[in-house]
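Structure file model27.csv with CSV, C-alpha atoms (C1' of nucleotides):
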```
chain,number,residue,atom,x,y,z
A,1,MET,CA,-123.7,26.8,124.2
A,2,ALA,CA,-126.0,26.8,127.1
A,3,VAL,CA,-124.8,26.2,130.6
A,4,ASN,CA,-126.4,23.3,132.5
A,5,TYR,CA,-127.3,23.3,136.2
A,6,TRP,CA,-126.9,20.6,138.7
A,7,LEU,CA,-127.1,20.0,142.4
A,8,VAL,CA,-124.6,17.9,144.4
A,9,LYS,CA,-124.9,16.8,148.0
A,10,SER,CA,-122.4,16.4,150.7
A,11,GLU,CA,-122.6,15.9,154.4
A,12,PRO,CA,-120.7,18.8,155.9
A,13,SER,CA,-119.1,16.4,158.4
A,14,THR,CA,-117.5,14.6,155.4
A,15,TYR,CA,-116.9,17.5,153.1
A,16,SER,CA,-118.2,21.0,153.7
A,17,TRP,CA,-118.5,24.1,151.5
A,18,ASN,CA,-116.0,25.8,153.8
A,19,GLN,CA,-113.4,23.1,153.2
A,20,PHE,CA,-114.1,23.4,149.5
A,21,GLU,CA,-113.4,27.1,149.6
A,22,ILE,CA,-110.2,26.6,151.5
A,23,GLU,CA,-109.0,23.9,149.0
A,24,LYS,CA,-110.2,26.0,146.0
A,25,GLU,CA,-110.9,22.8,144.0
A,26,THR,CA,-112.0,19.3,144.6
A,27,VAL,CA,-112.6,16.0,142.8
A,28,TRP,CA,-116.2,14.9,143.2
A,29,ASP,CA,-115.6,11.2,143.6
A,30,GLY,CA,-117.1,8.2,145.3
A,31,ILE,CA,-120.4,8.3,143.5
A,32,ARG,CA,-121.7,4.7,143.3
A,33,ASN,CA,-125.2,5.2,141.9
A,34,PHE,CA,-126.1,4.8,138.3
A,35,ALA,CA,-128.4,7.7,137.9
A,36,ALA,CA,-126.0,10.0,139.7
A,37,ARG,CA,-123.1,8.7,137.6
A,38,ASN,CA,-125.0,9.5,134.4
A,39,HIS,CA,-125.5,13.0,135.6
A,40,LEU,CA,-121.7,13.3,136.3
A,41,ARG,CA,-121.0,12.1,132.8
A,42,ALA,CA,-123.3,14.7,131.3
A,43,MET,CA,-121.6,17.6,133.0
A,44,LYS,CA,-119.7,20.0,130.8
A,45,LYS,CA,-116.9,22.4,131.7
A,46,GLY,CA,-118.5,25.6,132.9
A,47,ASP,CA,-121.7,24.0,134.1
A,48,LEU,CA,-122.8,25.2,137.6
A,49,CYS,CA,-123.6,22.9,140.5
A,50,PHE,CA,-125.5,23.9,143.6
A,51,PHE,CA,-123.8,22.6,146.7
A,52,TYR,CA,-126.2,21.2,149.2
A,53,HIS,CA,-125.4,20.2,152.8
A,54,SER,CA,-127.3,17.1,153.7
A,55,ASN,CA,-127.9,15.7,157.2
A,56,GLU,CA,-126.7,18.8,158.9
A,57,GLY,CA,-127.5,22.3,157.7
A,58,LEU,CA,-130.0,21.0,155.2
A,59,CYS,CA,-129.4,23.9,152.8
A,60,ILE,CA,-127.9,25.0,149.5
A,61,VAL,CA,-124.8,26.9,150.6
A,62,GLY,CA,-123.0,27.8,147.4
A,63,ILE,CA,-122.5,27.2,143.7
A,64,ALA,CA,-119.6,25.3,142.2
A,65,LYS,CA,-118.3,25.3,138.7
A,66,VAL,CA,-117.3,22.3,136.7
A,67,ALA,CA,-113.6,22.6,136.0
A,68,LYS,CA,-112.9,19.1,134.7
A,69,GLU,CA,-115.4,16.9,132.8
A,70,SER,CA,-115.9,13.3,133.9
A,71,PHE,CA,-112.9,11.0,134.1
A,72,GLN,CA,-112.5,7.6,135.8
A,73,ASP,CA,-113.1,7.8,139.5
A,74,PRO,CA,-109.6,7.6,141.2
A,75,THR,CA,-111.2,5.9,144.2
A,76,SER,CA,-112.4,3.0,142.0
A,77,GLU,CA,-110.7,0.3,139.9
A,78,ASP,CA,-113.9,0.1,137.8
A,79,LYS,CA,-113.7,2.5,134.9
A,80,ASN,CA,-117.5,2.7,134.8
A,81,TRP,CA,-117.5,5.0,137.8
A,82,VAL,CA,-116.5,8.6,137.2
A,83,ALA,CA,-115.7,11.8,139.0
A,84,VAL,CA,-115.6,15.5,138.0
A,85,GLY,CA,-113.4,18.4,139.0
A,86,LEU,CA,-115.2,21.2,140.7
A,87,VAL,CA,-114.1,24.7,141.8
A,88,PRO,CA,-116.0,27.2,144.0
A,89,TYR,CA,-117.9,29.7,142.0
A,90,LYS,CA,-120.1,31.7,144.4
A,91,LYS,CA,-121.2,31.4,148.0
A,92,LEU,CA,-124.9,32.2,148.5
A,93,LYS,CA,-125.4,35.4,150.5
A,94,THR,CA,-128.4,33.6,152.1
A,95,PRO,CA,-128.2,29.9,152.3
A,96,LEU,CA,-131.4,28.4,151.0
A,97,THR,CA,-132.8,25.8,153.4
A,98,LEU,CA,-134.8,22.7,152.5
A,99,GLN,CA,-137.7,24.3,154.2
A,100,ASP,CA,-137.4,27.5,152.0
A,101,ILE,CA,-137.3,25.3,148.9
A,102,ARG,CA,-140.4,23.3,150.1
A,103,GLU,CA,-142.3,26.5,150.7
A,104,ASP,CA,-141.6,28.0,147.3
A,105,GLN,CA,-144.2,26.8,144.8
A,106,ARG,CA,-141.8,27.5,141.9
A,107,LEU,CA,-139.4,24.9,143.3
A,108,ALA,CA,-141.9,22.2,144.0
A,109,SER,CA,-140.8,20.0,141.2
A,110,MET,CA,-137.1,20.0,142.1
A,111,VAL,CA,-135.5,16.5,142.2
A,112,LEU,CA,-134.3,17.4,145.7
A,113,LEU,CA,-137.9,17.1,146.9
A,114,LYS,CA,-139.0,14.3,144.6
A,115,ASN,CA,-136.0,12.0,145.1
A,116,SER,CA,-134.1,13.2,148.1
A,117,ARG,CA,-131.6,10.4,148.0
A,118,LEU,CA,-130.1,11.1,144.6
A,119,SER,CA,-126.7,12.7,145.3
A,120,VAL,CA,-126.2,14.3,141.9
A,121,GLN,CA,-129.2,15.8,140.2
A,122,PRO,CA,-130.2,18.1,137.3
A,123,VAL,CA,-131.6,21.5,138.0
A,124,THR,CA,-133.6,23.4,135.4
A,125,ALA,CA,-132.5,26.9,134.3
A,126,LYS,CA,-135.7,28.3,135.7
A,127,GLU,CA,-135.0,26.7,139.1
A,128,ALA,CA,-131.4,27.8,139.0
A,129,ALA,CA,-132.5,31.4,138.5
A,130,ILE,CA,-134.9,31.2,141.4
A,131,ILE,CA,-132.4,29.6,143.7
A,132,ALA,CA,-129.8,32.3,142.8
A,133,ASP,CA,-132.3,35.0,143.3
A,134,LEU,CA,-133.4,33.7,146.7
A,135,GLY,CA,-129.8,33.2,147.7
A,136,GLY,CA,-128.9,36.8,146.9
A,137,VAL,CA,-126.4,36.1,144.1
A,138,LYS,CA,-126.3,36.4,140.3
A,139,LEU,CA,-125.7,33.3,138.2
A,140,ALA,CA,-123.7,35.1,135.5
B,1,DG,C1',-130.8,7.5,167.0
B,2,DC,C1',-134.9,6.2,164.5
B,3,DC,C1',-137.3,5.1,160.5
B,4,DA,C1',-139.1,5.8,155.7
B,5,DA,C1',-137.7,5.6,151.0
B,6,DC,C1',-135.0,4.0,147.6
B,7,DG,C1',-131.5,1.2,145.0
B,8,DT,C1',-129.2,-3.1,144.7
B,9,DT,C1',-128.6,-7.9,145.2
B,10,DG,C1',-129.7,-12.6,144.9
B,11,DG,C1',-132.8,-16.7,144.9
B,12,DC,C1',-136.2,-18.8,142.4
C,1,DG,C1',-137.5,-11.4,135.0
C,2,DC,C1',-139.8,-11.0,139.4
C,3,DC,C1',-139.7,-9.8,144.1
C,4,DA,C1',-138.2,-10.3,148.9
C,5,DA,C1',-134.3,-9.1,151.7
C,6,DC,C1',-130.9,-6.1,152.7
C,7,DG,C1',-128.0,-1.9,153.0
C,8,DT,C1',-127.7,3.0,152.6
C,9,DT,C1',-129.2,7.7,152.6
C,10,DG,C1',-131.2,11.5,154.6
C,11,DG,C1',-134.8,14.1,157.2
C,12,DC,C1',-136.5,14.5,161.6
```
What does this structure look like when you write it as structure tokens?
Amino acid sequence: MAVNYWLVKSEPSTYSWNQFEIEKETVWDGIRNFAARNHLRAMKKGDLCFFYHSNEGLCIVGIAKVAKESFQDPTSEDKNWVAVGLVPYKKLKTPLTLQDIREDQRLASMVLLKNSRLSVQPVTAKEAAIIADLGGVKLA
DNA sequence: GCCAACGTTGGC
DNA sequence: GCCAACGTTGGC
């Protein structure tokens, strides 16, 4: 079964990659956007999520792995909102900045550039391979 | 801190 | 069901 790739965003002042590495796992909750929610629901155990720092840093810093598929968001009473469990997978040797992404023709159609406000987005296998390559890590 | 872009809400 | 108003996000 093929692995799917995603991109999740977090403001480092709220939750940074460093904190994630220290905690070794996290519940990706608080998503209140239908499109993002649908992506969370589609995540399968073992899928990989690029971890992007928004507002500060503006770069992809690492890759997380889906450890727990979607369940009701513990921060909401409404069972329509879901969260997933993530664990750190790999930290990029070279963080990939938004500018780097913009400048690479092969990444021009990334959702990050098209719809910068979507907090959980799909990434194609091709894009994932390019990001990993530029970041100096192997996906597998 | 500002502002543009987008999603959501609510009046009609 | 449309669309204006509003709130939020995120880059600069």
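Of the residues under consideration (A:Trp6, A:His39, A:Ser116, A:Ser76), A:Ser116 shows the shortest atom-to-atom contact distance to DA4 in chain B when counting only C-alpha atoms (C1' of nucleotides).
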In Å, how far is it from CA of Glu25 in chain A to CA of Lys90 in chain A?
12.8 Å
When you look at range 10-22 of chain A with a cut-off of 7 Å (counting only C-alpha atoms (C1' of nucleotides)), what residues show up, excluding the ones that are within fewer than 6 positions of it in the same chain? I need them as a list in words.
Tyr52, His53, Ser54, Asn55, Glu56, Val61 and Pro88 of chain A
Considering all atoms listed in the file, return as a PyMOL selection string whatever protein or nucleic-acid residues lie within 12 Å of DC3 in chain B, sequence-local ones (same chain, fewer than 5 positions apart) excluded.
chain C and resi 9-12
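The smallest atom-to-atom distance between Asp78 in chain A and any of A:Asn4, A:Gln105, A:Glu23, A:Ile31, using all atoms listed in the file, is found for A:Ile31.
Reported to one decimal place, the separation of CA of Val82 in chain A from CA of Asp29 in chain A is 7.0 Å.
Counting from CA of Ala125 in chain A, the distance to CA of Phe34 in chain A is 23.4 Å.
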Taking only C-alpha atoms (C1' of nucleotides) into account and nothing else, which residues of chain A lie no more than 12 Å away from chain B? Please answer as a PyMOL selection string.
chain A and resi 32-36+114-118
Neighbours of point (-126.4, 27.1, 147.5) within 9 Å, using only C-alpha atoms (C1' of nucleotides), written as a PyMOL selection string
chain A and resi 7+49-53+59-64+90-97+131-132+135
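Within 8 Å of the file-frame point (-134.1, 19.7, 147.4), and using only C-alpha atoms (C1' of nucleotides), the polymer residues found are A:Leu98, A:Ile101, A:Arg102, A:Met110, A:Val111, A:Leu112, A:Leu113, A:Lys114, A:Ser116.
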What would range 50-61 of chain A look like with all heavy atoms restored, written as an mmCIF file, keeping the file's coordinate frame?
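Okay, this is what ended up in selection.cif:
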```cif
data_model
loop_
_atom_site.group_PDB
_atom_site.id
_atom_site.type_symbol
_atom_site.label_atom_id
_atom_site.label_comp_id
_atom_site.auth_asym_id
_atom_site.auth_seq_id
_atom_site.Cartn_x
_atom_site.Cartn_y
_atom_site.Cartn_z
ATOM 1 N N PHE A 50 -125.126 23.465 142.242
ATOM 2 C CA PHE A 50 -125.500 23.900 143.600
ATOM 3 C C PHE A 50 -124.970 22.937 144.588
ATOM 4 O O PHE A 50 -125.047 21.734 144.369
ATOM 5 C CB PHE A 50 -127.011 24.105 143.679
ATOM 6 C CG PHE A 50 -127.517 25.208 142.816
ATOM 7 C CD1 PHE A 50 -128.063 24.941 141.566
ATOM 8 C CD2 PHE A 50 -127.399 26.527 143.232
ATOM 9 C CE1 PHE A 50 -128.488 25.964 140.748
ATOM 10 C CE2 PHE A 50 -127.823 27.566 142.416
ATOM 11 C CZ PHE A 50 -128.367 27.288 141.175
ATOM 12 N N PHE A 51 -124.421 23.460 145.662
ATOM 13 C CA PHE A 51 -123.800 22.600 146.700
ATOM 14 C C PHE A 51 -124.694 22.568 147.884
ATOM 15 O O PHE A 51 -124.939 23.572 148.560
ATOM 16 C CB PHE A 51 -122.442 23.324 147.034
ATOM 17 C CG PHE A 51 -121.464 22.478 147.816
ATOM 18 C CD1 PHE A 51 -120.291 22.040 147.216
ATOM 19 C CD2 PHE A 51 -121.696 22.156 149.148
ATOM 20 C CE1 PHE A 51 -119.355 21.285 147.933
ATOM 21 C CE2 PHE A 51 -120.766 21.398 149.864
ATOM 22 C CZ PHE A 51 -119.596 20.957 149.257
ATOM 23 N N TYR A 52 -125.201 21.380 148.138
ATOM 24 C CA TYR A 52 -126.200 21.200 149.200
ATOM 25 C C TYR A 52 -125.592 20.410 150.385
ATOM 26 O O TYR A 52 -124.927 19.397 150.182
ATOM 27 C CB TYR A 52 -127.380 20.423 148.629
ATOM 28 C CG TYR A 52 -128.468 20.098 149.627
ATOM 29 C CD1 TYR A 52 -129.410 21.055 150.008
ATOM 30 C CD2 TYR A 52 -128.573 18.817 150.166
ATOM 31 C CE1 TYR A 52 -130.409 20.758 150.917
ATOM 32 C CE2 TYR A 52 -129.587 18.512 151.071
ATOM 33 C CZ TYR A 52 -130.492 19.482 151.444
ATOM 34 O OH TYR A 52 -131.480 19.180 152.342
ATOM 35 N N HIS A 53 -125.853 20.912 151.579
ATOM 36 C CA HIS A 53 -125.400 20.200 152.800
ATOM 37 C C HIS A 53 -126.524 19.307 153.281
ATOM 38 O O HIS A 53 -127.577 19.784 153.693
ATOM 39 C CB HIS A 53 -125.055 21.225 153.879
ATOM 40 C CG HIS A 53 -123.673 21.781 153.761
ATOM 41 N ND1 HIS A 53 -123.213 22.791 154.555
ATOM 42 C CD2 HIS A 53 -122.646 21.440 152.950
ATOM 43 C CE1 HIS A 53 -121.947 23.065 154.239
ATOM 44 N NE2 HIS A 53 -121.590 22.264 153.261
ATOM 45 N N SER A 54 -126.280 18.007 153.262
ATOM 46 C CA SER A 54 -127.300 17.100 153.700
ATOM 47 C C SER A 54 -126.983 16.679 155.189
ATOM 48 O O SER A 54 -125.871 16.880 155.683
ATOM 49 C CB SER A 54 -127.340 15.826 152.858
ATOM 50 O OG SER A 54 -126.120 15.131 152.912
ATOM 51 N N ASN A 55 -127.985 16.137 155.816
ATOM 52 C CA ASN A 55 -127.900 15.700 157.200
ATOM 53 C C ASN A 55 -127.746 16.787 158.241
ATOM 54 O O ASN A 55 -128.458 16.809 159.235
ATOM 55 C CB ASN A 55 -126.755 14.658 157.400
ATOM 56 C CG ASN A 55 -127.226 13.258 157.066
ATOM 57 O OD1 ASN A 55 -128.237 12.831 157.552
ATOM 58 N ND2 ASN A 55 -126.499 12.579 156.205
ATOM 59 N N GLU A 56 -126.786 17.668 158.028
ATOM 60 C CA GLU A 56 -126.700 18.800 158.900
ATOM 61 C C GLU A 56 -126.734 20.051 158.010
ATOM 62 O O GLU A 56 -126.191 20.053 156.929
ATOM 63 C CB GLU A 56 -125.286 18.858 159.584
ATOM 64 C CG GLU A 56 -125.021 17.694 160.511
ATOM 65 C CD GLU A 56 -123.534 17.631 160.849
ATOM 66 O OE1 GLU A 56 -122.987 18.651 161.277
ATOM 67 O OE2 GLU A 56 -122.946 16.556 160.654
ATOM 68 N N GLY A 57 -127.378 21.082 158.521
ATOM 69 C CA GLY A 57 -127.500 22.300 157.700
ATOM 70 C C GLY A 57 -128.720 22.262 156.853
ATOM 71 O O GLY A 57 -129.538 23.147 156.905
ATOM 72 N N LEU A 58 -128.829 21.208 156.049
ATOM 73 C CA LEU A 58 -130.000 21.000 155.200
ATOM 74 C C LEU A 58 -130.221 22.294 154.342
ATOM 75 O O LEU A 58 -131.312 22.850 154.356
ATOM 76 C CB LEU A 58 -131.229 20.661 155.929
ATOM 77 C CG LEU A 58 -131.135 19.478 156.870
ATOM 78 C CD1 LEU A 58 -132.499 19.162 157.449
ATOM 79 C CD2 LEU A 58 -130.580 18.260 156.140
ATOM 80 N N CYS A 59 -129.195 22.752 153.647
ATOM 81 C CA CYS A 59 -129.400 23.900 152.800
ATOM 82 C C CYS A 59 -128.396 23.972 151.673
ATOM 83 O O CYS A 59 -127.349 23.329 151.720
ATOM 84 C CB CYS A 59 -129.281 25.193 153.646
ATOM 85 S SG CYS A 59 -127.739 25.329 154.543
ATOM 86 N N ILE A 60 -128.790 24.759 150.652
ATOM 87 C CA ILE A 60 -127.900 25.000 149.500
ATOM 88 C C ILE A 60 -127.001 26.165 150.003
ATOM 89 O O ILE A 60 -127.499 27.226 150.359
ATOM 90 C CB ILE A 60 -128.657 25.403 148.274
ATOM 91 C CG1 ILE A 60 -129.526 24.231 147.815
ATOM 92 C CG2 ILE A 60 -127.688 25.819 147.168
ATOM 93 C CD1 ILE A 60 -130.445 24.560 146.655
ATOM 94 N N VAL A 61 -125.687 25.927 150.047
ATOM 95 C CA VAL A 61 -124.800 26.900 150.600
ATOM 96 C C VAL A 61 -124.016 27.711 149.538
ATOM 97 O O VAL A 61 -123.598 28.839 149.776
ATOM 98 C CB VAL A 61 -123.788 26.333 151.585
ATOM 99 C CG1 VAL A 61 -124.448 26.088 152.923
ATOM 100 C CG2 VAL A 61 -123.184 25.055 151.048
#
```
